[in-house]
>>> print(open('protein_31.cif').read())   # mmCIF, C-alpha atoms
data_final
loop_
_atom_site.label_atom_id
_atom_site.label_comp_id
_atom_site.auth_asym_id
_atom_site.auth_seq_id
_atom_site.Cartn_x
_atom_site.Cartn_y
_atom_site.Cartn_z
CA MET A 1 116.33 98.29 94.36
CA SER A 2 114.18 101.28 95.19
CA ASP A 3 114.25 104.69 93.53
CA VAL A 4 112.97 107.62 95.65
CA GLN A 5 111.44 110.77 94.18
CA SER A 6 109.74 113.12 96.69
CA ASP A 7 107.59 110.90 98.90
CA VAL A 8 107.18 108.18 96.27
CA ILE A 9 109.34 105.03 96.23
CA TYR A 10 109.50 102.90 93.10
CA HIS A 11 110.23 99.28 94.08
CA VAL A 12 111.93 97.14 91.44
CA PHE A 13 113.40 93.88 92.69
CA GLN A 14 115.96 91.93 90.69
CA ASP A 15 115.01 88.85 92.73
CA GLY A 16 111.28 89.61 92.59
CA PRO A 17 108.55 87.99 90.53
CA VAL A 18 109.28 87.75 86.81
CA LYS A 19 108.38 90.99 85.01
CA VAL A 20 106.78 90.84 81.57
CA ALA A 21 106.99 94.58 80.76
CA PRO A 22 108.69 97.78 81.95
CA TYR A 23 107.11 98.57 85.34
CA SER A 24 107.87 98.75 89.03
CA HIS A 25 106.83 95.77 91.13
CA ALA A 26 105.18 98.29 93.44
CA VAL A 27 105.00 102.01 94.12
CA GLN A 28 104.92 103.26 97.68
CA SER A 29 103.53 106.54 98.96
CA GLY A 30 103.73 106.86 102.73
CA GLU A 31 101.82 104.00 104.37
CA TRP A 32 100.32 102.90 101.04
CA LEU A 33 101.73 100.34 98.63
CA PHE A 34 100.29 99.93 95.13
CA LEU A 35 101.26 96.54 93.68
CA THR A 36 101.47 96.00 89.95
CA GLY A 37 99.30 93.18 88.69
CA GLN A 38 101.12 89.92 89.17
CA MET A 39 101.05 87.05 86.73
CA PRO A 40 101.20 83.38 87.74
CA ILE A 41 104.82 83.01 86.69
CA GLY A 42 106.85 80.99 89.18
CA PRO A 43 110.48 81.63 90.14
CA ASP A 44 111.44 79.08 87.47
CA GLY A 45 109.85 81.30 84.81
CA LEU A 46 107.07 78.80 84.15
CA VAL A 47 103.30 79.25 84.36
CA PRO A 48 101.64 76.37 86.26
CA GLU A 49 98.69 74.57 84.69
CA GLY A 50 95.21 75.08 86.10
CA ILE A 51 93.47 78.09 87.56
CA GLU A 52 93.93 76.83 91.12
CA ALA A 53 97.73 76.64 90.82
CA GLN A 54 97.82 79.94 88.93
CA THR A 55 95.78 81.65 91.68
CA ARG A 56 98.14 80.39 94.39
CA THR A 57 101.18 81.53 92.38
CA VAL A 58 99.77 85.02 91.82
CA ILE A 59 99.04 85.47 95.54
CA ALA A 60 102.53 84.17 96.40
CA ASN A 61 104.02 86.72 93.97
CA LEU A 62 101.99 89.54 95.52
CA ARG A 63 103.10 88.52 99.02
CA SER A 64 106.71 88.35 97.83
CA VAL A 65 106.55 91.95 96.58
CA MET A 66 104.87 93.08 99.81
CA ASP A 67 107.58 91.42 101.90
CA LYS A 68 110.42 92.84 99.81
CA ALA A 69 108.91 96.34 100.12
CA GLY A 70 108.67 95.97 103.90
CA PHE A 71 104.91 95.49 104.02
CA GLY A 72 104.86 91.89 105.25
CA GLY A 73 102.47 92.77 108.07
CA GLY A 74 100.41 95.17 106.00
CA ASP A 75 96.75 94.72 105.32
CA VAL A 76 95.58 94.17 101.77
CA VAL A 77 92.81 96.73 101.33
CA GLN A 78 91.73 96.14 97.75
CA VAL A 79 92.44 93.76 94.87
CA ARG A 80 91.42 93.50 91.24
CA VAL A 81 91.25 90.06 89.68
CA PHE A 82 91.38 89.60 85.91
CA LEU A 83 90.32 86.25 84.42
CA THR A 84 90.55 85.23 80.77
CA ARG A 85 87.98 82.43 81.11
CA PHE A 86 85.58 84.04 83.57
CA GLU A 87 82.72 81.57 83.32
CA ALA A 88 84.98 78.52 83.50
CA HIS A 89 87.30 79.76 86.24
CA TYR A 90 85.37 82.12 88.52
CA GLU A 91 84.13 79.52 91.04
CA ARG A 92 87.39 77.52 91.06
CA MET A 93 89.46 80.67 91.50
CA ASN A 94 87.20 81.77 94.38
CA ALA A 95 87.59 78.43 96.15
CA VAL A 96 91.38 78.91 96.26
CA TYR A 97 91.28 82.69 96.80
CA ALA A 98 89.06 82.32 99.89
CA THR A 99 91.72 80.16 101.59
CA LEU A 100 94.53 82.65 101.00
CA PHE A 101 93.18 85.35 103.32
CA ASP A 102 91.87 85.20 106.88
CA ALA A 103 88.18 84.30 106.80
CA GLY A 104 86.04 87.39 107.09
CA LYS A 105 89.02 89.70 106.42
CA TRP A 106 88.90 89.60 102.67
CA PRO A 107 89.95 92.77 100.86
CA ALA A 108 87.51 94.79 98.78
CA ARG A 109 87.56 93.22 95.34
CA THR A 110 86.71 93.66 91.70
CA CYS A 111 86.77 90.63 89.42
CA VAL A 112 86.40 90.99 85.68
CA GLY A 113 86.70 88.88 82.56
CA VAL A 114 89.25 89.96 79.97
CA THR A 115 90.06 88.71 76.50
CA ALA A 116 93.77 88.05 77.08
CA LEU A 117 96.69 88.45 79.49
CA ALA A 118 100.45 88.41 78.91
CA ARG A 119 102.16 85.05 78.33
CA GLN A 120 98.80 83.30 77.90
CA CYS A 121 98.19 83.47 81.65
CA GLU A 122 94.62 82.92 82.83
CA ILE A 123 94.70 85.23 85.86
CA GLU A 124 96.30 88.47 87.02
CA ILE A 125 95.77 90.23 90.35
CA ASP A 126 96.88 93.66 91.50
CA ALA A 127 96.52 95.07 95.01
CA ILE A 128 96.54 98.09 97.27
CA VAL A 129 98.03 97.64 100.73
CA LYS A 130 98.14 99.91 103.78
CA ARG A 131 100.86 99.38 106.36
CA SER A 132 99.50 98.16 109.70
CA ALA A 133 99.98 100.47 112.66
#
>>> encode(input="protein_31.cif", output="structure tokens")
Amino acid sequence: MSDVQSDVIYHVFQDGPVKVAPYSHAVQSGEWLFLTGQMPIGPDGLVPEGIEAQTRTVIANLRSVMDKAGFGGGDVVQVRVFLTRFEAHYERMNAVYATLFDAGKWPARTCVGVTALARQCEIEIDAIVKRSA
């Protein structure tokens, strides 16, 4: 479902990634899509164990929202990664993260340590995407 106000589209998908609060999965303005931070919650409602599996699930959730919003071919321009156990997970998360984008075409990125995330998740990633020409 998408709600349109002026040139802004609020994307909320009943069959999208599990939501843990009141928000849109993404907000679109023209060629730009701003994706809400995704948690590593699978379609079964469960959080996989391990930062590697959680990283893959988060990226899959982001891609799912992009596809549902019609941005399947869009380029991810920027991401922010939030880790609850920065020192323990940074290198392992990076090893998986690097394989999920085309080599050398990684988005701009910020990665920070945080004290906690919803549902005891260890990672959250949000993104900004621009539709490819």
>>> resolve_selection(input="protein_31.cif", expression="the PyMOL selection byres ((chain A and resi 117-119) around 10)", output="CSV table (one decimal) with C-alpha atoms, in the frame of the given file")
chain,number,residue,atom,x,y,z
A,20,VAL,CA,106.8,90.8,81.6
A,21,ALA,CA,107.0,94.6,80.8
A,39,MET,CA,101.0,87.0,86.7
A,40,PRO,CA,101.2,83.4,87.7
A,41,ILE,CA,104.8,83.0,86.7
A,46,LEU,CA,107.1,78.8,84.2
A,47,VAL,CA,103.3,79.2,84.4
A,82,PHE,CA,91.4,89.6,85.9
A,83,LEU,CA,90.3,86.2,84.4
A,84,THR,CA,90.6,85.2,80.8
A,114,VAL,CA,89.2,90.0,80.0
A,115,THR,CA,90.1,88.7,76.5
A,116,ALA,CA,93.8,88.0,77.1
A,120,GLN,CA,98.8,83.3,77.9
A,121,CYS,CA,98.2,83.5,81.6
A,122,GLU,CA,94.6,82.9,82.8
A,123,ILE,CA,94.7,85.2,85.9
A,124,GLU,CA,96.3,88.5,87.0
>>> residues_around(input="protein_31.cif", residues="Phe13 in chain A", least_positions_apart="3", cutoff="10 Å", atoms="only C-alpha atoms", output="NGL selection string")
:A and (1-2 or 10 or 16-19 or 24-26 or 65 or 68-69)
>>> closest_residue(input="protein_31.cif", among="A:Asp75, A:Asp126, A:Asp44, A:Glu91", to="Val27 in chain A", atoms="all atoms listed in the file")
A:Asp126
>>> closest_residue(input="protein_31.cif", among="A:Glu31, A:Ser132, A:Met66, A:Thr99", to="His11 in chain A", atoms="all atoms listed in the file")
A:Met66
>>> atom_distance(input="protein_31.cif", atom1="CA of Gln38 in chain A", atom2="CA of Ser64 in chain A")
10.4 Å
>>> residues_near_point(input="protein_31.cif", point="(92.5, 85.4, 101.4)", cutoff="12 Å", atoms="only C-alpha atoms", output="list in words")
Thr55, Arg56, Ile59, Ala60, Leu62, Arg63, Asp75, Val76, Val77, Gln78, Val79, Met93, Asn94, Ala95, Val96, Tyr97, Ala98, Thr99, Leu100, Phe101, Asp102, Ala103, Gly104, Lys105, Trp106, Pro107, Ala108 and Arg109 of chain A
>>> closest_residue(input="protein_31.cif", among="A:Gly42, A:Lys130, A:Glu49, A:Glu87", to="Phe71 in chain A", atoms="all atoms listed in the file")
A:Lys130
>>> atom_distance(input="protein_31.cif", atom1="CA of Thr110 in chain A", atom2="CA of Gly45 in chain A")
27.1 Å
>>> closest_residue(input="protein_31.cif", among="A:Glu52, A:Asn61, A:Thr36, A:Ser29", to="Asp15 in chain A", atoms="only C-alpha atoms")
A:Asn61
>>> closest_residue(input="protein_31.cif", among="A:Gln14, A:Ser6, A:Gln54, A:Gln28", to="Ile128 in chain A", atoms="all atoms listed in the file")
A:Gln28
>>> closest_residue(input="protein_31.cif", among="A:Pro22, A:Ala127, A:Gly72, A:Val112", to="Gly37 in chain A", atoms="all atoms listed in the file")
A:Ala127
